[in-house]
file entry09.txt (compact mmCIF, C-alpha atoms)
# COMPACT_ATOMS: atom_id res chain seq x y z
CA MET A 1 33.33 129.45 163.60
CA ALA A 2 34.23 127.40 160.54
CA LYS A 3 37.75 126.05 160.35
CA SER A 4 39.91 126.90 157.40
CA PRO A 5 40.74 124.10 154.91
CA SER A 6 44.37 124.19 156.04
CA ALA A 7 43.32 123.56 159.61
CA THR A 8 40.97 120.67 158.84
CA GLU A 9 43.16 118.92 156.25
CA LYS A 10 46.56 118.13 157.65
CA GLN A 11 49.26 117.74 155.04
CA PRO A 12 51.28 114.51 155.19
CA GLY A 13 54.74 114.88 156.66
CA PHE A 14 58.07 114.12 155.05
CA PHE A 15 58.36 110.56 156.36
CA SER A 16 54.73 109.85 155.49
CA GLN A 17 55.35 110.93 151.89
CA LEU A 18 58.56 108.93 151.83
CA ARG A 19 56.72 105.83 153.00
CA SER A 20 54.00 106.34 150.38
CA LEU A 21 56.62 106.73 147.68
CA PHE A 22 58.32 103.52 148.78
CA ARG A 23 55.08 101.52 148.80
CA PHE A 24 54.02 102.90 145.43
CA THR A 25 57.32 101.98 143.79
CA ARG A 26 57.55 98.55 145.47
CA GLU A 27 54.23 97.54 143.88
CA ILE A 28 55.91 97.64 140.48
CA TYR A 29 59.45 96.73 141.57
CA PRO A 30 59.28 94.19 144.43
CA TRP A 31 63.08 93.96 144.49
CA LEU A 32 63.46 97.62 145.49
CA PRO A 33 64.08 96.98 149.25
CA TRP A 34 66.91 94.53 148.50
CA ALA A 35 68.52 96.94 146.04
CA GLN A 36 68.39 99.73 148.62
CA ILE A 37 69.91 97.51 151.31
CA ALA A 38 72.69 96.57 148.89
CA LEU A 39 73.43 100.25 148.23
CA LEU A 40 73.62 100.93 151.97
CA VAL A 41 76.05 98.04 152.50
CA VAL A 42 78.18 99.08 149.54
CA GLY A 43 78.26 102.67 150.80
CA VAL A 44 79.45 101.58 154.27
CA LEU A 45 82.08 99.26 152.79
CA ILE A 46 83.45 102.01 150.55
CA GLY A 47 83.61 104.37 153.52
CA LEU A 48 85.47 101.79 155.66
CA ILE A 49 87.93 101.03 152.88
CA VAL A 50 88.69 104.71 152.35
CA GLY A 51 89.08 105.25 156.10
CA TYR A 52 91.45 102.30 156.32
CA LEU A 53 93.61 103.37 153.39
CA ILE A 54 94.00 107.04 154.36
CA PRO A 55 96.89 107.37 156.83
CA PRO A 56 97.28 107.64 159.70
CA PHE A 57 94.96 104.80 160.62
CA GLN A 58 92.76 105.65 163.59
CA ILE A 59 89.54 104.12 164.90
CA TRP A 60 87.64 107.41 165.03
CA SER A 61 88.64 108.13 161.43
CA LEU A 62 87.41 104.70 160.38
CA VAL A 63 84.09 105.31 162.14
CA LEU A 64 83.63 108.72 160.53
CA TRP A 65 84.34 107.37 157.07
CA GLY A 66 81.93 104.50 157.72
CA ILE A 67 79.19 107.00 158.62
CA THR A 68 80.03 109.03 155.51
CA GLY A 69 79.70 105.90 153.40
CA LEU A 70 76.36 105.12 155.04
CA LEU A 71 75.07 108.59 154.15
CA LEU A 72 76.20 108.12 150.57
CA GLY A 73 74.37 104.80 150.52
CA VAL A 74 71.21 106.51 151.78
CA LEU A 75 71.48 109.10 149.01
CA GLY A 76 71.96 106.34 146.45
CA ALA A 77 68.93 104.45 147.77
CA MET A 78 66.80 107.62 147.64
CA PHE A 79 67.97 108.40 144.10
CA LEU A 80 67.16 104.85 142.95
CA MET A 81 63.68 104.99 144.46
CA THR A 82 62.95 108.38 142.90
CA ARG A 83 64.02 107.24 139.44
CA LEU A 84 62.08 103.99 139.68
CA SER A 85 58.96 105.77 140.98
CA THR A 86 58.75 107.78 137.75
CA THR A 87 58.94 104.61 135.65
CA ALA A 88 56.42 102.92 137.95
CA MET A 89 54.00 105.80 137.46
CA TYR A 90 54.22 105.47 133.67
CA ARG A 91 53.66 101.72 133.85
CA LYS A 92 50.63 102.16 136.06
CA ILE A 93 48.87 104.66 133.80
CA ASP A 94 49.87 103.03 130.50
CA GLY A 95 46.73 102.26 128.51
CA MET A 96 44.40 104.23 130.77
CA PRO A 97 42.17 106.93 129.23
CA GLY A 98 43.61 110.36 130.03
CA ALA A 99 47.20 109.17 130.46
CA ALA A 100 48.46 111.38 127.61
CA GLY A 101 46.78 114.43 129.12
CA HIS A 102 48.38 113.68 132.48
CA VAL A 103 51.85 113.55 130.93
CA ILE A 104 51.32 116.69 128.87
CA SER A 105 50.13 118.72 131.86
CA THR A 106 52.78 117.56 134.35
CA SER A 107 55.96 116.38 132.58
CA LEU A 108 56.85 118.83 129.81
CA GLY A 109 58.31 121.62 131.92
CA ARG A 110 58.12 125.37 131.42
CA SER A 111 59.07 125.30 127.74
CA TRP A 112 55.72 123.77 126.87
CA GLN A 113 52.12 124.49 127.72
CA GLY A 114 49.48 121.78 127.67
CA SER A 115 46.37 120.69 129.49
CA GLU A 116 45.04 117.36 130.73
CA VAL A 117 41.71 118.35 129.17
CA PRO A 118 41.49 117.07 125.56
CA VAL A 119 40.86 119.50 122.72
CA GLY A 120 38.88 116.83 120.91
CA VAL A 121 37.14 113.75 122.25
CA ASN A 122 34.81 111.01 121.11
CA PRO A 123 32.30 110.68 123.97
CA LYS A 124 31.36 107.13 122.96
CA THR A 125 34.80 105.56 122.67
CA GLN A 126 36.81 108.00 124.85
CA ASP A 127 39.33 108.44 122.04
CA ALA A 128 40.88 111.83 122.65
CA VAL A 129 43.25 114.36 121.14
CA TYR A 130 45.45 116.63 123.26
CA ARG A 131 47.49 119.67 122.31
CA ALA A 132 50.74 121.13 123.58
CA ILE A 133 52.44 124.32 122.42
CA GLY A 134 56.09 125.12 122.99
CA ARG A 135 59.36 126.21 121.43
CA GLY A 136 59.18 123.17 119.18
CA GLY A 137 55.87 124.32 117.70
CA ILE A 138 52.47 122.67 118.08
CA VAL A 139 52.13 119.05 119.11
CA VAL A 140 48.96 117.03 118.66
CA VAL A 141 48.84 113.87 120.79
CA ALA A 142 46.26 111.23 119.90
CA GLU A 143 45.16 108.63 122.43
CA GLY A 144 42.96 105.68 121.54
CA SER A 145 42.23 103.64 118.45
CA ARG A 146 44.24 105.00 115.55
CA GLY A 147 41.49 104.27 113.04
CA ARG A 148 38.87 106.20 115.02
CA LEU A 149 41.25 109.10 115.67
CA THR A 150 41.65 110.09 112.02
CA ARG A 151 38.89 112.69 112.04
CA LEU A 152 39.84 114.22 115.39
CA VAL A 153 43.52 114.48 114.45
CA LYS A 154 42.76 115.94 111.04
CA ASP A 155 40.45 118.61 112.49
CA GLU A 156 42.95 119.67 115.15
CA LYS A 157 45.90 119.69 112.74
CA THR A 158 43.95 121.71 110.16
CA LYS A 159 42.92 124.23 112.78
CA ALA A 160 46.50 124.59 114.03
CA MET A 161 47.93 125.07 110.54
CA ARG A 162 45.26 127.64 109.71
CA VAL A 163 45.65 129.71 112.88
CA ALA A 164 49.45 129.47 113.23
CA GLN A 165 50.79 129.52 109.70
CA GLY A 166 54.46 128.66 109.44
CA VAL A 167 54.57 126.97 112.84
CA PRO A 168 55.43 123.24 112.64
CA VAL A 169 52.69 120.84 113.71
CA ASN A 170 53.76 117.39 114.91
CA VAL A 171 51.35 114.50 115.51
CA PHE A 172 52.10 111.66 117.91
CA TYR A 173 49.98 108.57 118.49
CA VAL A 174 50.26 107.01 121.94
CA GLY A 175 50.71 103.25 121.86
CA HIS A 176 53.17 100.42 121.38
CA GLY A 177 52.82 99.79 117.66
CA ASP A 178 54.85 100.96 114.70
CA ASP A 179 55.09 104.76 114.39
CA GLU A 180 53.60 105.12 117.88
CA VAL A 181 55.09 106.55 121.06
CA SER A 182 54.75 104.80 124.39
CA ILE A 183 53.39 106.85 127.28
CA GLU A 184 56.76 106.45 129.02
CA LYS A 185 58.64 108.09 126.13
CA LEU A 186 56.02 110.71 125.22
CA SER A 187 57.50 113.52 127.31
CA LYS A 188 61.07 112.88 126.11
CA THR A 189 59.94 112.67 122.48
CA ILE A 190 58.20 116.05 122.65
CA LYS A 191 61.11 117.71 124.45
CA LYS A 192 63.54 116.49 121.77
CA LEU A 193 61.77 118.45 119.04
CA PRO A 194 64.08 121.15 117.64
CA LYS A 195 63.29 124.74 118.59
CA ALA A 196 61.29 126.36 115.83
CA ILE A 197 59.79 129.52 117.40
CA ASP A 198 60.85 132.07 120.00
CA ASN A 199 59.06 132.87 123.26
CA ALA A 200 57.11 135.79 121.80
CA THR A 201 55.80 133.68 118.91
CA MET A 202 54.97 130.87 121.31
CA ALA A 203 52.88 133.22 123.48
CA ALA A 204 51.08 134.54 120.39
CA VAL A 205 50.33 131.01 119.14
CA ILE A 206 48.96 129.99 122.53
CA LYS A 207 46.66 133.00 122.58
CA ARG A 208 45.42 132.37 119.04
CA MET A 209 44.77 128.69 119.61
CA GLU A 210 42.88 129.37 122.82
CA SER A 211 40.72 131.98 121.10
CA VAL A 212 39.59 129.61 118.33
CA SER A 213 39.38 126.40 120.35
CA GLN A 214 35.91 125.18 121.06
CA SER A 215 35.19 124.27 124.64
CA VAL A 216 34.79 120.57 125.32
CA ALA A 217 33.86 121.06 128.95
CA SER A 218 30.34 119.80 128.28
CA LEU A 219 31.59 116.54 126.75
CA PRO A 220 32.46 113.45 128.78
CA ILE A 221 36.21 113.57 129.38
CA PRO A 222 38.17 110.36 129.98
CA LYS A 223 38.25 109.75 133.74
CA GLY A 224 40.87 107.04 133.79
CA ILE A 225 43.58 109.20 135.36
CA ASP A 226 43.41 110.65 138.83
CA PRO A 227 46.77 112.46 139.31
CA LEU A 228 46.40 112.36 143.09
CA LYS A 229 46.23 108.56 142.99
CA THR A 230 48.49 107.63 140.11
CA ARG A 231 51.31 110.13 140.35
CA ALA A 232 54.14 108.84 142.45
CA PRO A 233 54.27 111.01 145.59
CA ARG A 234 57.54 112.80 146.12
CA PRO A 235 58.94 113.76 149.48
CA ARG A 236 59.26 117.47 150.03
call {"tool": "encode", "arguments": {"input": "entry09.txt", "output": "structure tokens"}}
result
Amino acid sequence: MAKSPSATEKQPGFFSQLRSLFRFTREIYPWLPWAQIALLVVGVLIGLIVGYLIPPFQIWSLVLWGITGLLLGVLGAMFLMTRLSTTAMYRKIDGMPGAAGHVISTSLGRSWQGSEVPVGVNPKTQDAVYRAIGRGGIVVVAEGSRGRLTRLVKDEKTKAMRVAQGVPVNVFYVGHGDDEVSIEKLSKTIKKLPKAIDNATMAAVIKRMESVSQSVASLPIPKGIDPLKTRAPRPR
């Protein structure tokens, strides 16, 4: 009798995921362990000081406050690692083909809908154009050489303006030059767009765009991003 996938593939436990997260982040920030140790020490010291200052002074009270400070230090160390792991992930995928699609499909939240599959791609150069639709309107994200992206961006923008008249269309180029958005700031930049349409209009625009979009499944899609390998694992 064949075993179910859940039986054959054991999911990593909490501590295993925590260890993977730590190793992933330490590759980019080698000073992470020392910063976490410092937070633990500071947390214990704060707890001891509070326990000493609160009357009446008793040993058991001092011990309890020291443990409380240690727990606060652990929370601070976990928070620091989680924040740094997100930055580390962006640094690792910066410049890789498919990075923009990865951000669009995982980091925009429920107010936006996007896919890691490009809506337009140059199979020779792997220059690609991605699309996201949300309360801020339609966003076209271009990844690759700006000069080679002109045609792809123009076609996608024209299609969006024709299908969804009156809906704002914003174009962002991923990069580090003038008038470009770094992959690290792409999600925040899109989320900051002012709300231009309501939920009903957003759903209608998504349906219209999907109905007129040509499938690019048969074209070579940039394979630079493997979310399972590049996304910083988070403990459950």
call {"tool": "residues_near_point", "arguments": {"input": "entry09.txt", "point": "(51.7, 127.7, 114.7)", "cutoff": "9 Å", "atoms": "all atoms listed in the file", "output": "JSON, numbers by chain"}}
result
{"A": [133, 137, 138, 160, 161, 162, 163, 164, 165, 166, 167, 168, 169, 197, 201, 202, 204, 205, 206, 208, 209]}
call {"tool": "atom_distance", "arguments": {"input": "entry09.txt", "atom1": "CA of Gln17 (chain A)", "atom2": "CA of Ser111 (chain A)"}}
result
28.3 Å
call {"tool": "residues_around", "arguments": {"input": "entry09.txt", "residues": "Arg23 (chain A)", "least_positions_apart": "5", "cutoff": "10 Å", "atoms": "all atoms listed in the file", "output": "short mmCIF file (atom, residue, chain, number, x, y, z; two decimals) with C-alpha atoms, in the coordinates of the input"}}
result
data_model
loop_
_atom_site.label_atom_id
_atom_site.label_comp_id
_atom_site.auth_asym_id
_atom_site.auth_seq_id
_atom_site.Cartn_x
_atom_site.Cartn_y
_atom_site.Cartn_z
CA GLN A 17 55.35 110.93 151.89
CA LEU A 18 58.56 108.93 151.83
CA ILE A 28 55.91 97.64 140.48
CA TYR A 29 59.45 96.73 141.57
CA PRO A 30 59.28 94.19 144.43
CA LEU A 32 63.46 97.62 145.49
CA SER A 85 58.96 105.77 140.98
CA ALA A 232 54.14 108.84 142.45
#
call {"tool": "atom_distance", "arguments": {"input": "entry09.txt", "atom1": "CA of Trp65 (chain A)", "atom2": "CA of Phe79 (chain A)"}}
result
20.9 Å
call {"tool": "atom_distance", "arguments": {"input": "entry09.txt", "atom1": "CA of Val141 (chain A)", "atom2": "CA of Lys188 (chain A)"}}
result
13.4 Å
call {"tool": "closest_residue", "arguments": {"input": "entry09.txt", "among": "A:Ile190, A:Ser105, A:Thr125, A:Leu70", "to": "Val140 (chain A)", "atoms": "all atoms listed in the file"}}
result
A:Ile190
call {"tool": "closest_residue", "arguments": {"input": "entry09.txt", "among": "A:Pro123, A:Tyr130, A:Gly51, A:Leu40", "to": "Gly101 (chain A)", "atoms": "only C-alpha atoms"}}
result
A:Tyr130
call {"tool": "residues_around", "arguments": {"input": "entry09.txt", "residues": "Arg146 (chain A)", "least_positions_apart": "2", "cutoff": "12 Å", "atoms": "all atoms listed in the file", "output": "list in words"}}
result
Thr125, Asp127, Ala128, Val129, Val141, Ala142, Glu143, Gly144, Arg148, Leu149, Thr150, Arg151, Leu152, Val153, Lys154, Val171, Phe172, Tyr173, Val174, Gly175, His176, Gly177, Asp178, Asp179 and Glu180 of chain A
call {"tool": "closest_residue", "arguments": {"input": "entry09.txt", "among": "A:Ile54, A:Val119, A:Ala200, A:Ile183", "to": "Val212 (chain A)", "atoms": "only C-alpha atoms"}}
result
A:Val119
call {"tool": "residues_around", "arguments": {"input": "entry09.txt", "residues": "Leu108 (chain A)", "least_positions_apart": "2", "cutoff": "7 Å", "atoms": "all atoms listed in the file", "output": "list in words"}}
result
Ile104, Thr106, Arg110, Trp112, Ser187 and Lys191 of chain A
call {"tool": "write_last_selection", "arguments": {"input": "entry09.txt", "atoms": "C-alpha atoms", "output": "short mmCIF file (atom, residue, chain, number, x, y, z; two decimals), in the frame of the given file"}}
result
data_model
loop_
_atom_site.label_atom_id
_atom_site.label_comp_id
_atom_site.auth_asym_id
_atom_site.auth_seq_id
_atom_site.Cartn_x
_atom_site.Cartn_y
_atom_site.Cartn_z
CA ILE A 104 51.32 116.69 128.87
CA THR A 106 52.78 117.56 134.35
CA ARG A 110 58.12 125.37 131.42
CA TRP A 112 55.72 123.77 126.87
CA SER A 187 57.50 113.52 127.31
CA LYS A 191 61.11 117.71 124.45
#
call {"tool": "closest_residue", "arguments": {"input": "entry09.txt", "among": "A:Met89, A:Val117, A:Ile37, A:Ile67", "to": "Glu184 (chain A)", "atoms": "all atoms listed in the file"}}
result
A:Met89
call {"tool": "closest_residue", "arguments": {"input": "entry09.txt", "among": "A:Gly136, A:Gly66, A:Pro97, A:Pro55", "to": "Leu193 (chain A)", "atoms": "all atoms listed in the file"}}
result
A:Gly136
call {"tool": "closest_residue", "arguments": {"input": "entry09.txt", "among": "A:Arg131, A:Lys159, A:Lys185, A:Lys207", "to": "Thr86 (chain A)", "atoms": "only C-alpha atoms"}}
result
A:Lys185
call {"tool": "residues_around", "arguments": {"input": "entry09.txt", "residues": "Met78 (chain A)", "least_positions_apart": "6", "cutoff": "12 Å", "atoms": "all atoms listed in the file", "output": "PyMOL selection string"}}
result
chain A and resi 18-19+21-22+25+32-33+35-37+39-40+71-72+84-85+234-235
call {"tool": "write_last_selection", "arguments": {"input": "entry09.txt", "atoms": "C-alpha atoms", "output": "short mmCIF file (atom, residue, chain, number, x, y, z; two decimals), in the coordinates of the input"}}
result
data_model
loop_
_atom_site.label_atom_id
_atom_site.label_comp_id
_atom_site.auth_asym_id
_atom_site.auth_seq_id
_atom_site.Cartn_x
_atom_site.Cartn_y
_atom_site.Cartn_z
CA LEU A 18 58.56 108.93 151.83
CA ARG A 19 56.72 105.83 153.00
CA LEU A 21 56.62 106.73 147.68
CA PHE A 22 58.32 103.52 148.78
CA THR A 25 57.32 101.98 143.79
CA LEU A 32 63.46 97.62 145.49
CA PRO A 33 64.08 96.98 149.25
CA ALA A 35 68.52 96.94 146.04
CA GLN A 36 68.39 99.73 148.62
CA ILE A 37 69.91 97.51 151.31
CA LEU A 39 73.43 100.25 148.23
CA LEU A 40 73.62 100.93 151.97
CA LEU A 71 75.07 108.59 154.15
CA LEU A 72 76.20 108.12 150.57
CA LEU A 84 62.08 103.99 139.68
CA SER A 85 58.96 105.77 140.98
CA ARG A 234 57.54 112.80 146.12
CA PRO A 235 58.94 113.76 149.48
#
call {"tool": "decode", "arguments": {"input": "entry09.txt", "residues": "region 39-87 of chain A", "atoms": "C-alpha atoms", "output": "PDB file, in the first residue's frame"}}
result
ATOM      1  CA  LEU A  39      20.293  41.403  23.876  1.00  0.00           C
ATOM      2  CA  LEU A  40      20.117  38.441  26.257  1.00  0.00           C
ATOM      3  CA  VAL A  41      22.650  40.024  28.622  1.00  0.00           C
ATOM      4  CA  VAL A  42      20.896  43.389  28.505  1.00  0.00           C
ATOM      5  CA  GLY A  43      17.547  41.711  29.184  1.00  0.00           C
ATOM      6  CA  VAL A  44      18.904  39.897  32.263  1.00  0.00           C
ATOM      7  CA  LEU A  45      20.564  43.068  33.566  1.00  0.00           C
ATOM      8  CA  ILE A  46      17.362  45.067  33.196  1.00  0.00           C
ATOM      9  CA  GLY A  47      15.432  42.349  35.019  1.00  0.00           C
ATOM     10  CA  LEU A  48      17.967  42.277  37.892  1.00  0.00           C
ATOM     11  CA  ILE A  49      17.952  46.058  38.211  1.00  0.00           C
ATOM     12  CA  VAL A  50      14.159  46.161  38.351  1.00  0.00           C
ATOM     13  CA  GLY A  51      14.091  43.332  40.900  1.00  0.00           C
ATOM     14  CA  TYR A  52      16.647  45.142  43.042  1.00  0.00           C
ATOM     15  CA  LEU A  53      14.862  48.497  42.955  1.00  0.00           C
ATOM     16  CA  ILE A  54      11.345  47.207  43.704  1.00  0.00           C
ATOM     17  CA  PRO A  55      10.920  46.891  47.481  1.00  0.00           C
ATOM     18  CA  PRO A  56      10.997  44.810  49.515  1.00  0.00           C
ATOM     19  CA  PHE A  57      14.253  43.304  48.323  1.00  0.00           C
ATOM     20  CA  GLN A  58      14.171  39.506  48.327  1.00  0.00           C
ATOM     21  CA  ILE A  59      16.350  36.909  46.609  1.00  0.00           C
ATOM     22  CA  TRP A  60      13.434  35.035  45.046  1.00  0.00           C
ATOM     23  CA  SER A  61      12.080  38.304  43.644  1.00  0.00           C
ATOM     24  CA  LEU A  62      15.478  39.107  42.168  1.00  0.00           C
ATOM     25  CA  VAL A  63      15.638  35.660  40.552  1.00  0.00           C
ATOM     26  CA  LEU A  64      12.145  35.967  39.085  1.00  0.00           C
ATOM     27  CA  TRP A  65      12.883  39.376  37.619  1.00  0.00           C
ATOM     28  CA  GLY A  66      16.150  38.048  36.203  1.00  0.00           C
ATOM     29  CA  ILE A  67      14.242  35.224  34.458  1.00  0.00           C
ATOM     30  CA  THR A  68      11.705  37.752  33.181  1.00  0.00           C
ATOM     31  CA  GLY A  69      14.518  39.856  31.765  1.00  0.00           C
ATOM     32  CA  LEU A  70      16.019  36.773  30.119  1.00  0.00           C
ATOM     33  CA  LEU A  71      12.703  36.010  28.419  1.00  0.00           C
ATOM     34  CA  LEU A  72      12.496  39.591  27.184  1.00  0.00           C
ATOM     35  CA  GLY A  73      16.020  39.230  25.824  1.00  0.00           C
ATOM     36  CA  VAL A  74      15.002  36.048  24.001  1.00  0.00           C
ATOM     37  CA  LEU A  75      12.036  37.866  22.443  1.00  0.00           C
ATOM     38  CA  GLY A  76      14.310  40.713  21.393  1.00  0.00           C
ATOM     39  CA  ALA A  77      16.811  38.290  19.845  1.00  0.00           C
ATOM     40  CA  MET A  78      14.017  36.507  17.944  1.00  0.00           C
ATOM     41  CA  PHE A  79      12.590  39.812  16.714  1.00  0.00           C
ATOM     42  CA  LEU A  80      16.019  40.965  15.523  1.00  0.00           C
ATOM     43  CA  MET A  81      16.634  37.719  13.652  1.00  0.00           C
ATOM     44  CA  THR A  82      13.207  37.834  11.987  1.00  0.00           C
ATOM     45  CA  ARG A  83      13.683  41.407  10.807  1.00  0.00           C
ATOM     46  CA  LEU A  84      17.189  40.751   9.532  1.00  0.00           C
ATOM     47  CA  SER A  85      16.106  37.547   7.757  1.00  0.00           C
ATOM     48  CA  THR A  86      13.729  39.555   5.566  1.00  0.00           C
ATOM     49  CA  THR A  87      16.511  41.957   4.581  1.00  0.00           C
TER      50      THR A  87
END
